[in-house]
Structures are given as C-alpha cells and as structure tokens.
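Structure data follow from upload35.cif (mmCIF, C-alpha atoms and all ligand atoms):
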```
data_query
loop_
_atom_site.label_atom_id
_atom_site.label_comp_id
_atom_site.auth_asym_id
_atom_site.auth_seq_id
_atom_site.Cartn_x
_atom_site.Cartn_y
_atom_site.Cartn_z
CA MET A 278 -26.93 -12.96 -6.91
CA LYS A 279 -23.62 -14.65 -6.25
CA VAL A 280 -20.41 -12.71 -6.93
CA VAL A 281 -16.86 -14.03 -6.70
CA SER A 282 -14.23 -11.32 -6.11
CA ILE A 283 -10.66 -12.14 -7.13
CA VAL A 284 -7.97 -10.05 -5.42
CA GLY A 285 -4.27 -10.43 -4.72
CA ALA A 286 -2.32 -7.17 -4.37
CA ARG A 287 -2.31 -4.36 -1.81
CA PRO A 288 -4.49 -1.78 -3.62
CA GLN A 289 -7.05 -4.45 -4.45
CA LEU A 290 -7.47 -5.21 -0.76
CA VAL A 291 -8.26 -1.54 -0.16
CA LYS A 292 -10.87 -1.69 -2.95
CA LEU A 293 -12.21 -4.92 -1.49
CA GLY A 294 -12.82 -2.94 1.72
CA ALA A 295 -15.42 -0.84 -0.12
CA ILE A 296 -16.96 -3.77 -2.01
CA ALA A 297 -17.15 -6.05 1.05
CA ALA A 298 -18.86 -3.23 2.98
CA ALA A 299 -21.45 -2.83 0.20
CA PHE A 300 -22.16 -6.57 0.12
CA LYS A 301 -22.29 -6.88 3.92
CA ASP A 302 -25.87 -5.75 4.45
CA SER A 303 -27.15 -6.91 1.07
CA GLU A 304 -29.13 -9.99 0.13
CA HIS A 305 -26.33 -11.17 -2.17
CA GLU A 306 -23.67 -13.82 -1.69
CA HIS A 307 -20.06 -12.58 -1.90
CA VAL A 308 -17.21 -15.09 -2.18
CA VAL A 309 -13.58 -13.90 -2.03
CA ILE A 310 -10.56 -15.54 -3.67
CA HIS A 311 -7.15 -14.16 -2.58
CA THR A 312 -4.49 -15.29 -5.04
CA GLY A 313 -1.65 -14.62 -2.56
CA GLN A 314 0.22 -12.39 -5.07
CA HIS A 315 1.01 -10.23 -2.03
CA TYR A 316 1.78 -12.24 1.10
CA ASP A 317 3.81 -10.03 3.44
CA PRO A 318 1.51 -9.08 6.33
CA GLU A 319 1.88 -5.34 5.71
CA LEU A 320 0.78 -5.77 2.09
CA SER A 321 -2.08 -8.15 2.80
CA ASP A 322 -3.34 -9.32 6.23
CA VAL A 323 -3.33 -5.83 7.68
CA PHE A 324 -6.16 -4.74 5.35
CA PHE A 325 -8.47 -7.59 6.33
CA THR A 326 -8.11 -6.58 9.97
CA GLU A 327 -8.32 -2.87 9.25
CA PHE A 328 -11.44 -2.92 7.07
CA GLY A 329 -13.11 -5.79 8.95
CA ILE A 330 -13.17 -7.90 5.76
CA PRO A 331 -13.99 -11.55 6.48
CA GLU A 332 -11.16 -14.00 5.83
CA PRO A 333 -10.99 -14.93 2.12
CA ASP A 334 -13.07 -18.02 1.29
CA PHE A 335 -10.15 -19.30 -0.78
CA HIS A 336 -6.49 -18.40 -0.34
CA LEU A 337 -4.35 -19.68 -3.20
CA GLY A 338 -0.93 -18.84 -1.72
CA ILE A 339 0.65 -18.31 -5.15
CA GLY A 340 3.33 -15.77 -4.11
CA SER A 341 5.94 -14.13 -6.34
CA GLY A 342 7.43 -15.33 -9.63
CA SER A 343 7.99 -14.30 -13.24
CA HIS A 344 4.85 -12.86 -14.87
CA GLY A 345 4.16 -16.10 -16.75
CA ALA A 346 4.81 -18.43 -13.83
CA GLN A 347 2.77 -16.31 -11.42
CA THR A 348 -0.17 -15.75 -13.77
CA GLY A 349 -0.16 -19.38 -14.91
CA ALA A 350 -0.17 -20.72 -11.36
CA MET A 351 -3.12 -18.44 -10.56
CA LEU A 352 -5.06 -19.62 -13.62
CA ALA A 353 -4.59 -23.26 -12.71
CA ALA A 354 -5.70 -22.64 -9.13
CA ILE A 355 -8.70 -20.41 -9.98
CA ASP A 356 -10.17 -22.75 -12.63
CA PRO A 357 -11.56 -25.45 -10.29
CA ILE A 358 -12.90 -22.92 -7.79
CA LEU A 359 -14.94 -21.01 -10.39
CA ASP A 360 -16.07 -24.32 -11.85
CA ALA A 361 -17.43 -25.36 -8.46
CA GLU A 362 -18.84 -21.96 -7.46
CA ARG A 363 -20.50 -21.03 -10.82
CA PRO A 364 -21.14 -17.41 -9.73
CA ASP A 365 -23.40 -14.93 -11.53
CA TRP A 366 -20.44 -12.53 -11.78
CA VAL A 367 -16.70 -12.79 -11.42
CA LEU A 368 -15.41 -9.40 -10.23
CA VAL A 369 -11.77 -8.53 -10.94
CA TYR A 370 -10.03 -5.42 -9.61
CA GLY A 371 -7.69 -3.32 -11.73
CA ASP A 372 -4.53 -4.18 -13.57
CA THR A 373 -2.51 -6.81 -11.74
CA ASN A 374 -1.55 -10.32 -12.69
CA SER A 375 -4.30 -11.54 -10.32
CA THR A 376 -6.82 -9.60 -12.44
CA ILE A 377 -5.82 -11.01 -15.82
CA ALA A 378 -5.66 -14.53 -14.37
CA GLY A 379 -9.13 -14.23 -12.84
CA ALA A 380 -10.63 -12.76 -16.00
CA LEU A 381 -9.14 -15.42 -18.27
CA SER A 382 -10.23 -18.30 -16.06
CA ALA A 383 -13.77 -16.91 -15.95
CA VAL A 384 -14.28 -16.13 -19.65
CA LYS A 385 -13.02 -19.56 -20.68
CA GLN A 386 -15.69 -21.08 -18.44
CA HIS A 387 -18.35 -18.75 -19.92
CA LEU A 388 -18.81 -16.97 -16.62
CA PRO A 389 -19.69 -13.25 -16.83
CA VAL A 390 -16.79 -10.99 -15.84
CA ALA A 391 -17.01 -7.47 -14.44
CA HIS A 392 -13.85 -5.37 -14.39
CA LEU A 393 -13.55 -2.79 -11.64
CA GLU A 394 -11.32 0.18 -12.55
CA ALA A 395 -11.90 -0.49 -16.25
CA GLY A 396 -10.75 1.92 -18.95
CA LEU A 397 -7.60 3.29 -17.32
CA ARG A 398 -4.78 3.72 -19.81
CA SER A 399 -1.16 4.83 -19.54
CA PHE A 400 -0.53 4.09 -23.25
CA ASN A 401 2.86 2.83 -22.08
CA ARG A 402 3.26 -0.70 -23.36
CA ARG A 403 6.41 -1.24 -21.28
CA MET A 404 4.19 -1.48 -18.20
CA PRO A 405 2.94 -4.97 -17.29
CA GLU A 406 -0.19 -3.33 -15.89
CA GLU A 407 -1.08 -1.81 -19.29
CA HIS A 408 -1.28 -5.26 -20.91
CA ASN A 409 -3.26 -6.61 -17.98
CA ARG A 410 -5.85 -3.85 -18.07
CA VAL A 411 -6.28 -3.71 -21.86
CA LEU A 412 -6.67 -7.49 -22.17
CA THR A 413 -9.05 -7.64 -19.21
CA ASP A 414 -11.21 -4.83 -20.60
CA HIS A 415 -11.48 -6.54 -23.97
CA CYS A 416 -12.56 -9.89 -22.54
CA ALA A 417 -14.87 -8.63 -19.76
CA ASP A 418 -18.65 -8.35 -20.10
CA LEU A 419 -19.16 -5.34 -17.84
CA LEU A 420 -16.69 -2.47 -17.55
CA LEU A 421 -17.02 -0.59 -14.27
CA ALA A 422 -15.11 2.61 -15.02
CA PRO A 423 -13.99 5.04 -12.29
CA SER A 424 -14.25 8.25 -14.39
CA ASP A 425 -15.58 9.80 -17.58
CA GLU A 426 -12.07 9.73 -19.03
CA ALA A 427 -11.95 5.94 -18.53
CA VAL A 428 -15.33 5.60 -20.30
CA ARG A 429 -13.94 7.67 -23.19
CA HIS A 430 -10.98 5.30 -23.56
CA LEU A 431 -13.31 2.31 -23.60
CA THR A 432 -15.58 3.96 -26.17
CA SER A 433 -12.65 4.72 -28.45
CA GLU A 434 -11.71 1.02 -28.31
CA GLY A 435 -15.24 -0.01 -29.31
CA LEU A 436 -16.20 -1.09 -25.78
CA GLY A 437 -18.56 1.79 -24.91
CA SER A 438 -21.72 -0.37 -24.80
CA ARG A 439 -20.24 -2.48 -21.98
CA ALA A 440 -19.00 0.51 -19.95
CA VAL A 441 -20.60 2.34 -17.04
CA ASN A 442 -19.08 5.04 -14.82
CA VAL A 443 -19.65 3.91 -11.23
CA GLY A 444 -17.00 6.17 -9.65
CA ASP A 445 -13.89 4.98 -7.90
CA VAL A 446 -14.28 2.69 -4.89
CA MET A 447 -10.98 3.98 -3.50
CA VAL A 448 -12.71 7.31 -2.90
CA ASP A 449 -15.18 5.55 -0.58
CA VAL A 450 -12.37 4.11 1.52
CA CYS A 451 -10.19 7.23 1.40
CA PHE A 452 -12.93 9.63 2.58
CA HIS A 453 -14.21 7.25 5.24
CA THR A 454 -10.68 6.80 6.60
CA ARG A 455 -9.87 10.53 6.39
CA ASP A 456 -12.94 11.36 8.49
CA ALA A 457 -11.98 8.74 11.10
CA VAL A 458 -8.36 10.00 11.27
CA LEU A 459 -9.45 13.64 11.63
CA ALA A 460 -12.08 12.79 14.26
CA ALA A 461 -9.50 10.88 16.31
CA GLY A 462 -6.82 13.57 15.82
CA GLU A 463 -4.48 10.75 14.89
CA ARG A 464 -0.75 11.33 14.43
CA PRO A 465 1.02 9.14 11.89
CA GLU A 466 3.74 6.66 12.74
CA LEU A 467 6.64 7.71 10.55
CA PRO A 468 10.07 6.20 9.92
CA ALA A 469 12.66 7.02 12.62
CA GLY A 470 14.18 10.46 12.16
CA ILE A 471 11.01 12.26 11.01
CA ASP A 472 9.04 14.60 13.24
CA PRO A 473 5.36 14.62 12.11
CA GLY A 474 5.03 18.13 13.56
CA GLN A 475 7.55 19.56 11.06
CA PRO A 476 7.22 19.73 7.23
CA PHE A 477 7.97 16.41 5.53
CA LEU A 478 7.08 14.52 2.34
CA VAL A 479 5.56 11.05 1.97
CA SER A 480 7.15 8.89 -0.70
CA THR A 481 6.73 5.44 -2.27
CA LEU A 482 8.50 3.78 -5.19
CA HIS A 483 7.71 0.31 -6.48
CA ARG A 484 7.05 0.28 -10.24
CA ALA A 485 9.19 -2.16 -12.19
CA GLU A 486 10.12 0.64 -14.65
CA ASN A 487 11.75 2.52 -11.74
CA THR A 488 13.07 -0.25 -9.49
CA ASP A 489 14.51 -2.69 -12.00
CA ASP A 490 17.05 -0.40 -13.67
CA PRO A 491 19.99 0.06 -11.24
CA GLU A 492 21.10 3.42 -12.66
CA LEU A 493 17.62 4.91 -12.68
CA LEU A 494 16.87 3.63 -9.18
CA ALA A 495 20.15 5.08 -7.87
CA ALA A 496 19.29 8.45 -9.47
CA LEU A 497 15.77 8.47 -7.99
CA ILE A 498 17.00 7.62 -4.50
CA GLU A 499 19.73 10.24 -4.72
CA SER A 500 17.20 12.86 -5.84
CA LEU A 501 14.88 12.05 -2.94
CA ALA A 502 17.80 12.11 -0.48
CA SER A 503 18.81 15.59 -1.75
CA LEU A 504 15.48 17.25 -0.89
CA PRO A 505 15.56 20.12 1.61
CA ILE A 506 12.93 18.56 3.93
CA PRO A 507 12.71 15.01 5.37
CA VAL A 508 11.15 12.34 3.16
CA ALA A 509 9.28 9.38 4.70
CA LEU A 510 9.92 6.54 2.25
CA LEU A 511 7.38 3.77 2.83
CA ALA A 512 9.36 1.04 1.15
CA HIS A 513 7.56 -1.69 -0.79
CA PRO A 514 9.41 -5.04 -0.42
CA ARG A 515 10.19 -4.94 -4.14
CA LEU A 516 12.06 -1.64 -3.64
CA GLN A 517 13.90 -2.99 -0.59
CA ALA A 518 14.89 -6.16 -2.47
CA LYS A 519 16.21 -4.23 -5.48
CA ALA A 520 18.05 -1.66 -3.32
CA ASP A 521 19.74 -4.53 -1.43
CA GLN A 522 20.64 -6.21 -4.73
CA TYR A 523 22.19 -3.05 -6.18
CA GLY A 524 23.86 -2.01 -2.90
CA LEU A 525 21.78 1.19 -2.55
CA LYS A 526 20.94 2.70 0.84
CA LEU A 527 17.31 3.72 1.31
CA THR A 528 18.09 5.80 4.39
CA GLN A 529 20.49 8.59 3.44
CA GLY A 530 20.44 12.39 3.43
CA SER A 531 16.83 13.55 3.82
CA LEU A 532 15.50 10.10 3.06
CA HIS A 533 14.22 7.94 5.95
CA ALA A 534 12.95 4.49 4.99
CA GLY A 535 10.30 2.49 6.83
CA LYS A 536 7.82 -0.26 5.99
CA PRO A 537 4.57 0.26 4.04
CA LEU A 538 1.86 1.55 6.40
CA PRO A 539 -1.60 0.20 7.09
CA TYR A 540 -4.17 2.27 5.19
CA ARG A 541 -5.34 4.40 8.11
CA GLN A 542 -1.78 5.32 9.02
CA LEU A 543 -1.00 6.09 5.40
CA VAL A 544 -3.93 8.52 5.27
CA ALA A 545 -2.77 10.06 8.57
CA ALA A 546 0.75 10.42 7.13
CA VAL A 547 -0.48 12.15 3.95
CA LEU A 548 -2.72 14.48 5.97
CA ALA A 549 0.23 15.44 8.22
CA SER A 550 2.60 15.86 5.27
CA SER A 551 3.27 18.85 3.05
CA GLY A 552 3.19 16.69 -0.09
CA VAL A 553 3.73 13.34 -1.79
CA VAL A 554 6.38 12.00 -4.20
CA THR A 555 5.46 8.62 -5.67
CA ASP A 556 5.11 6.28 -8.63
CA SER A 557 1.96 4.66 -7.21
CA GLY A 558 -1.36 5.21 -8.97
CA GLY A 559 -3.33 4.90 -5.75
CA LEU A 560 -1.19 7.36 -3.82
CA GLN A 561 -1.38 10.01 -6.57
CA LYS A 562 -5.12 9.90 -6.25
CA GLU A 563 -5.09 9.82 -2.45
CA ALA A 564 -2.89 12.93 -2.39
CA TYR A 565 -5.43 14.66 -4.64
CA LEU A 566 -8.40 13.56 -2.54
CA LEU A 567 -6.65 14.61 0.68
CA GLY A 568 -5.59 17.98 -0.74
CA ARG A 569 -1.82 17.53 -0.96
CA ALA A 570 0.43 18.31 -3.93
CA CYS A 571 1.85 15.21 -5.61
CA THR A 572 4.97 14.75 -7.72
CA THR A 573 4.81 11.57 -9.78
CA LEU A 574 8.03 9.82 -10.76
CA ARG A 575 6.70 8.56 -14.09
CA THR A 576 6.41 9.66 -17.73
CA GLU A 577 2.61 9.45 -17.66
CA THR A 578 -0.34 8.85 -15.37
CA GLU A 579 -3.62 6.99 -15.76
CA TRP A 580 -5.22 9.49 -13.36
CA VAL A 581 -4.97 12.48 -15.72
CA GLU A 582 -7.57 14.50 -13.83
CA THR A 583 -5.07 14.96 -10.99
CA LEU A 584 -2.78 16.94 -13.34
CA GLU A 585 -5.33 19.72 -13.70
CA GLY A 586 -4.53 22.81 -11.69
CA GLY A 587 -1.08 21.45 -10.86
CA TRP A 588 -2.18 19.07 -8.09
CA ASN A 589 -0.02 16.39 -9.66
CA VAL A 590 3.15 17.00 -11.71
CA LEU A 591 5.00 14.32 -13.70
CA VAL A 592 8.78 14.18 -13.17
CA PRO A 593 10.15 10.95 -14.64
CA ARG A 594 13.81 11.95 -14.18
CA PRO A 595 14.37 14.40 -11.32
CA ASP A 596 18.11 14.12 -11.94
CA GLN A 597 17.60 15.74 -15.35
CA LEU A 598 16.17 18.90 -13.78
CA THR A 599 18.38 21.45 -12.06
CA ARG A 600 18.54 20.92 -8.29
CA GLU A 601 16.55 24.15 -7.80
CA GLN A 602 13.81 23.06 -10.22
CA TRP A 603 13.53 19.63 -8.61
CA HIS A 604 13.42 20.97 -5.06
CA ALA A 605 10.91 23.66 -6.00
CA THR A 606 8.64 21.10 -7.71
CA ALA A 607 8.74 18.43 -5.00
CA THR A 608 8.21 20.88 -2.14
CA ARG A 609 5.66 23.17 -3.84
CA PRO A 610 2.55 23.88 -1.76
CA ALA A 611 -0.85 22.44 -2.69
CA PRO A 612 -2.65 24.64 -5.25
CA GLY A 613 -5.28 26.92 -3.82
CA THR A 614 -7.88 26.05 -6.46
CA ALA A 615 -10.93 24.06 -5.39
CA LEU A 616 -10.84 20.29 -5.84
CA ASP A 617 -13.12 18.74 -8.40
CA ALA A 618 -14.80 15.34 -7.87
CA PRO A 619 -13.87 13.42 -11.05
CA TYR A 620 -13.93 10.05 -9.29
CA GLY A 621 -17.37 10.18 -7.73
CA ASP A 622 -18.78 11.01 -4.32
CA GLY A 623 -17.55 8.10 -2.20
CA ARG A 624 -20.46 5.67 -2.72
CA ALA A 625 -19.00 3.68 -5.61
CA GLY A 626 -19.02 0.35 -3.72
CA PHE A 627 -22.81 0.44 -3.42
CA GLU A 628 -23.13 1.54 -7.04
CA VAL A 629 -21.03 -1.46 -8.15
CA VAL A 630 -23.33 -3.89 -6.32
CA ARG A 631 -26.43 -2.13 -7.69
CA VAL A 632 -25.16 -2.24 -11.29
CA LEU A 633 -24.13 -5.91 -11.01
CA ALA A 634 -27.62 -6.84 -9.79
CA GLU A 635 -29.34 -4.64 -12.40
CA ARG A 636 -27.34 -6.09 -15.32
CA LEU A 637 -28.10 -9.59 -14.12
CA ALA A 638 -31.82 -8.91 -14.09
C1 LIG A 701 1.86 -5.39 -8.09
C2 LIG A 701 1.12 -5.00 -9.36
C3 LIG A 701 1.10 -3.48 -9.47
C4 LIG A 701 0.54 -2.83 -8.20
C5 LIG A 701 1.34 -3.33 -7.02
C6 LIG A 701 0.84 -2.75 -5.73
C7 LIG A 701 1.36 -6.61 -11.25
C8 LIG A 701 2.03 -6.85 -12.55
N1 LIG A 701 1.79 -5.51 -10.56
O1 LIG A 701 3.21 -4.95 -8.22
O2 LIG A 701 0.26 -3.12 -10.55
O3 LIG A 701 0.69 -1.42 -8.30
O4 LIG A 701 1.24 -4.76 -6.98
O5 LIG A 701 1.74 -3.00 -4.70
O6 LIG A 701 0.48 -7.35 -10.87
N2 LIG A 701 7.14 -8.94 -2.81
C9 LIG A 701 7.37 -9.25 -1.49
N3 LIG A 701 6.29 -9.50 -0.70
C10 LIG A 701 5.02 -9.49 -1.16
C11 LIG A 701 4.80 -9.20 -2.52
C12 LIG A 701 5.87 -8.93 -3.33
O7 LIG A 701 8.50 -9.27 -1.02
O8 LIG A 701 4.09 -9.71 -0.37
C13 LIG A 701 8.30 -8.62 -3.67
C14 LIG A 701 8.92 -9.82 -4.35
O9 LIG A 701 10.29 -9.57 -4.48
C15 LIG A 701 8.25 -9.79 -5.71
C16 LIG A 701 8.17 -8.31 -5.97
O10 LIG A 701 7.89 -7.74 -4.70
O11 LIG A 701 8.96 -10.47 -6.68
C17 LIG A 701 7.12 -7.91 -6.97
O12 LIG A 701 5.84 -8.37 -6.55
P1 LIG A 701 4.63 -8.46 -7.59
O13 LIG A 701 3.39 -8.88 -6.90
O14 LIG A 701 5.07 -9.25 -8.77
O15 LIG A 701 4.49 -6.98 -8.13
P2 LIG A 701 4.36 -5.59 -7.36
O16 LIG A 701 5.59 -4.80 -7.66
O17 LIG A 701 3.95 -5.73 -5.95
#
```
Have the structure of the file written as structure tokens, please.
Ligand code: UD1
Amino acid sequence: MKVVSIVGARPQLVKLGAIAAAFKDSEHEHVVIHTGQHYDPELSDVFFTEFGIPEPDFHLGIGSGSHGAQTGAMLAAIDPILDAERPDWVLVYGDTNSTIAGALSAVKQHLPVAHLEAGLRSFNRRMPEEHNRVLTDHCADLLLAPSDEAVRHLTSEGLGSRAVNVGDVMVDVCFHTRDAVLAAGERPELPAGIDPGQPFLVSTLHRAENTDDPELLAALIESLASLPIPVALLAHPRLQAKADQYGLKLTQGSLHAGKPLPYRQLVAAVLASSGVVTDSGGLQKEAYLLGRACTTLRTETEWVETLEGGWNVLVPRPDQLTREQWHATATRPAPGTALDAPYGDGRAGFEVVRVLAERLA
C-alpha cells in the first residue's frame, strides 16, 4: 500500500509524528507532502527533528496568503505530485487550508481520500476551519473519526457508512511525550519572568476570530494580564503580527510572552502549570489528557467531551464577566473526578494504518 500524507500546519506535524511512527516498521510506502503553510522553524522544522520524522518527500513552500490565494497555490502544486505518485490513499489531517487543498486535488484525480480527525464540528460558520472540515468530510472516501461524538456528527450528515472511530492520534503523541518528560524530570523553558516552581498558567491565542478584531484582542490581552498569577503566553506569529499592527503589548501585568514551544517543552510546561487558557483545539485536549483545568476563549468547542466534569470551561469574553468571576474561573484547580478516555488509548496511529490497509483489501 502506498499512502501520501499531506500536511502543512503545526498540529498536523504533531499528528504526522504518530502516523510516521506507525508506518516506520510497516511494509507500506509512506510519502509526505508539506505544503509550507507554516514555515517558521518553531511551527514546522522543530517537529521533524523532535519526532524523528524523515524530511518531507515534497516541500511546496507555499507560505501565507489570503485563504483563496493560499489554497489555490496548494492545489496547483499538489496536482502534478499526486498525478505522478498515484497512491492508494491520500491522507489529509484535520481542518486547515492544506487539508481542503489536498482533498480537492485528490478527489478530482479519482484518488481515494482518507480524512484524519473527521467529524469534528463547531457549528460556527464564521470559522474557516469549519468550512474546511465539512467540505473535506463530504468529499472523502474514508472518515477516520477521533471520537464517538465525531461519528455521530458524520452519521447525522448521512456519512455514517464511511466513518470509523480510530481514536485520536494526538493522544498517542501526548502520552508518549508525557511519559518521557516525567521520566526525565524535565523542567519547562518558560518566557522570562516566570518561575516554573511557582503557580502559573499556560496560554495561547491564535484563532482569526480572536486575533483579527482589534477591540476583542485588546480585551483578551487585558484580561490575561489582569490574572492574579503569571501567565506564560506562547505567542503564535499570527498573534504577534496582529498585536504589533494594533499597537498592543503582549508582555504586560501578569502576562509574559515568549515563542511557541517545541512539543516536548509544551507538554513539560502544561505539566508544571496549574492550568491552561487558550483558543487552540489541540491545547484544550492536551490539558485534559495531562490533567489540567482549561479555560477556552471561544463560544464553542469541537472537543465537547472536555467540558464534562468542568475540565474545560468556555469563556468567549472574559471582559464581560466580573473580575472575580474571571479570576476564579481561569485559576480554578483541576476537577478531582477521574478522567475518561473519549479519544482512545494512545494507539490510534497504528489503527489508522490498519484501517487504511483493510479498506484497500
Ligand atoms: C492555521 C489553521 C488553524 C490551525 C493553526 C495552527 C487554517 C485556515 N487555519 O491557522 O486551523 O489551528 O494553523 O497553528 O488553515 N504565520 C507566520 N509564520 C508561519 C505561519 C503563519 O508568521 O510559519 C503568520 C502569518 O502572518 C500568517 C498568519 O500567521 O498570515 C496565519 O497563518 P495561517 O497558516 O493562514 O493560519 P494559522 O492562524 O496559523
């Protein structure tokens, strides 16, 4: 079996870590196309080194742009590669522009498409990711869902016969990394001004809905800066660019900004922290898997299981709560209730490869 993986953005490189590991000792051929949607070393190269993923077979170097320009450039560049490779499966990862471009190129060449992380829904049509994931699910041949909830969404859209719950490959990487960090007794490298031995929060903010509205972004930064304990803000370049554009300081009050961390250091930071405040899907789930309370700066989440028992709480506008309510929510301790395993047991990468081979046969 020959599988072409198409990746491009930070979380997809983490998922590729699990998939590349599952292919490594298999009899199958695995070809990787990196669209270059993310190009800064801390959003891209670092993961290849960290997870020992071989260099991509094709690097398209597309970079940033408007949604249409970026997706269109990817389509044009992916077309000839898939035409030459003619894989048994094209595997796309999640909800980014790289995913919709890869899926479209493949289906138009009658190549079977498998969608990893299928069936997630925010039901928020203002999110570019929601269009990407819905369209990809509807054109793909095999829907590799990470949870029962995702399978339910697919079934309600008439796609149940193409869906299978394989678990979430990010669990594989998260648990593997957690065990390595704990075994090494690793301390995280945090932005200047934060002592990892004292209580602190880990924070990220990058969603267009939050970063691209100057008033909302100013309110979110101010709310983070007001918290009673230090906040390590691991700033995505999109956040940094928008803050510079609007004249907002990312280091102020309790807020201490640094660069995004390599995955292992991110896991070490969450483990050392007393909680997480984020708008990232991946980090909400990592907080849950690592047993830390998460406050999500959004109106909804695709990872609804994390809301159960209060592990994750949605706060789209912290500035609309009283200061006391906001501080109490963001600094609340992790719930004492036992964690469930809604996203599988950490062997999803192998399950993906097994299901791809089985469906082919
Ligand atoms: C993308 C995904 C989002 C995912 C996120 C993970 C889409 C529509 N969005 O969002 O679902 O959660 O990746 O990080 O595909 N930039 C850099 N350096 C880089 C990459 C981006 O400076 O290496 C800056 C540029 O200003 C760019 C902006 O970030 O315009 C946005 O980048 P883009 O890839 O379009 O979206 P993300 O916000 O990263």
Nearest to Val458 (chain A), restricted to all atoms listed in the file and choosing among A:Asp521, A:Val544, A:Arg410, A:Leu532, comes out as A:Val544
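Close contacts of His336 (chain A), defined as residues with an atom at most 12 Å away when counting all atoms listed in the file, with chain neighbours fewer than 2 positions off set aside, comprise A:Ser282, A:Ile283, A:Val284, A:Gly285, A:Val308, A:Val309, A:Ile310, A:His311, A:Thr312, A:Gly313, A:Gln314, A:His315, A:Tyr316, A:Ser321, A:Asp322, A:Glu332, A:Pro333, A:Asp334, A:Gly338, A:Ile339, A:Gly340, A:Met351, A:Ala354, A:Ile355, A:Ile358.
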Site check for ligand LIG 701 (chain A): residues at most 8 Å away, all atoms listed in the file, as a PyMOL selection string: chain A and resi 286-288+313-321+340-344+347+372-376+405-406+409+483-485+513-516+518+557-559
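Distances from A:Glu463, A:Asp596, A:Glu585, A:Asp360 to Leu548 (chain A) were compared using all atoms listed in the file, and the smallest one belongs to A:Glu463.
Taking all atoms listed in the file, the non-local environment of region 567-582 of chain A within 7 Å (same-chain residues fewer than 5 positions away omitted) comprises Leu397, Arg398, Ser399, Leu548, Ser551, Gly552, Val553, Val554, Thr555, Asp556, Gln561, Trp588, Asn589, Val590, Leu591, Val592, Pro593, Ala607, Pro610, Ala611 and Pro619 of chain A.
The environment of Gly535 (chain A) within 12 Å, counting all atoms listed in the file and disregarding residues fewer than 4 places along the same chain, consists of A:Glu319, A:Glu466, A:Leu467, A:Pro468, A:Ala469, A:Gly470, A:Ile471, A:Val479, A:Ser480, A:Thr481, A:Val508, A:Ala509, A:Leu510, A:Leu511, A:Ala512, A:His513, A:Pro514, A:Leu516, A:Gln517, A:Leu527, A:Thr528, A:Leu543.
The space separating CA of Leu420 (chain A) from CA of His392 (chain A) comes to 5.1 Å.
Checking A:Leu538, A:Leu637, A:Met447, A:Leu412 one by one against Ala295 (chain A), counting only C-alpha atoms, you find the shortest gap at A:Met447.
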Please indicate the distance in Å from CA of Leu504 (chain A) to CA of Arg594 (chain A), rounded to one decimal place. 14.4 Å
